[in-house]
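Read the structure below first, then the notes.
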Amino acid sequence: MSEHDWPVLESVTEYETGWYTGGYDLVEQPDGSTKRYYWAALPSAVVVVAVTDGQLLLVEQFRPVIREAQLELPAGIVEDGESFTTAAARELREETGFTPGSTALLDEFWACTGVLRHRRGIVYAEGLTPDERDLDANEFLTLRTVPVEDALDVARRQPTNDATIEGVLLAREEGLL
């Protein structure tokens with residue numbers, strides 16, 4: 001067996017929530033031992049870096065899991081049949097009330113690979129025009145803006161999250177912020 005060939009001896013789904021599925025894979029490791037690797041499978045998500053008039057759009061929301069309010073980039077689940085860019089335009093309009101004139105996928109990747117089966121896409125949006133917000137029943141968001149030159153400092157303020165920092169850093173690296 002090579003170091004990259006770890007046979008799955010058993011795959012067990014222990015629960016399904018409608019939001020994500022959790023379980024474990026019993027895996028044979030390269031030394032012949034076995035171990036359960038626990039996972040949670042979530043749908044793909046998109047994070048939107050949206051800029052208008054030199055301002056980065058953020059949403060402030062309370063996160064019950066960590067019991068804190070955060071400033072975050074708009075984000076959401078990619079629905080069946082959607083690309084990351086289509087999902088980004090939809091989520092941006094729903095959460096902020098802006099429709100982008102253009103979107104560009106900056107990157108897509110696996111997130112938190114030690115425990116999650118979850119793809120994330122980071123999308124840049126510009127050419128924003130005002131539209132109607134359409135918040136989900138569990139979304140209580142306040143739109144905030146920050147000057148693009150302050151984006152990284154704001155994204156790094158506690159409490160913060162991986163998706164916001166990733167999005168700001170990718171956009172900055174591409175020269176978009």
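Chain labels follow the order of the structure tokens: the first chain is A, the next B, and so on; residue numbering restarts at 1 in every chain, and ligands are counted from 1 in their shown order.
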key: range 134-136 of chain A surroundings by only C-alpha atoms, 8 Å radius, close-in-sequence under 2 positions cut, as a list in words   = Arg93, Glu94, Glu95, Gly97, Glu132, Asn138, Glu139 and Phe140 of chain A
Residues from the last selection, C-alpha atoms, saved as a PDB file, in the first residue's frame:
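Output (selection10.pdb):
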```pdb
ATOM      1  CA  ARG A  93     -28.459  40.629  -3.686  1.00  0.00           C
ATOM      2  CA  GLU A  94     -30.270  38.682  -0.947  1.00  0.00           C
ATOM      3  CA  GLU A  95     -27.957  39.787   1.874  1.00  0.00           C
ATOM      4  CA  GLY A  97     -29.513  44.524  -1.677  1.00  0.00           C
ATOM      5  CA  GLU A 132     -34.109  44.613  -3.044  1.00  0.00           C
ATOM      6  CA  ASN A 138     -32.845  33.099   9.992  1.00  0.00           C
ATOM      7  CA  GLU A 139     -30.817  36.042   8.657  1.00  0.00           C
ATOM      8  CA  PHE A 140     -30.684  39.182  10.758  1.00  0.00           C
TER       9      PHE A 140
END
```
task = For Val46 in chain A, please output as a PyMOL selection string all residues within 9 Å (counting only C-alpha atoms; exclusion window: fewer than 3 positions along the same chain).
result = chain A and resi 74-78+84-85+87-88+91+108+119-123
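Take CA of Asp53 in chain A and CA of Leu92 in chain A: the distance between them is 16.1 Å.
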request  = Rounded to one decimal place, report the CA of Glu28 in chain A-CA of Asp5 in chain A distance in Å.
outcome  = 8.9 Å
Residue with smallest distance to Trp6 in chain A - pool A:Gln70, A:Gly22, A:Tyr37, A:Ala111, counting only C-alpha atoms =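 Nearest candidate to Trp6 in chain A out of A:Gln70, A:Gly22, A:Tyr37, A:Ala111: A:Tyr37.
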ask   = What residues in range 16-92 of chain A get the DSSP label strand (DSSP E)? Please answer as a ChimeraX atom specification.
value = /A:16,21-28,34-41,45-52,55-63,68-72,75-77
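The nearest approach to Leu143 in chain A among the residues A:Thr17, A:Thr113, A:Thr103, A:Thr96, with only C-alpha atoms taken into account, belongs to A:Thr96.
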ask   = A:Asp31, A:Glu10, A:Glu72, A:Asp25: which is nearest Ala163 in chain A, counting only C-alpha atoms?
value =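 Nearest to Ala163 in chain A: A:Glu72.
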ask   = Could you state the separation of CA of Leu141 in chain A and CA of Phe62 in chain A in Å, given to one decimal place?
value =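 Computed distance, CA of Leu141 in chain A to CA of Phe62 in chain A, equals 8.1 Å.
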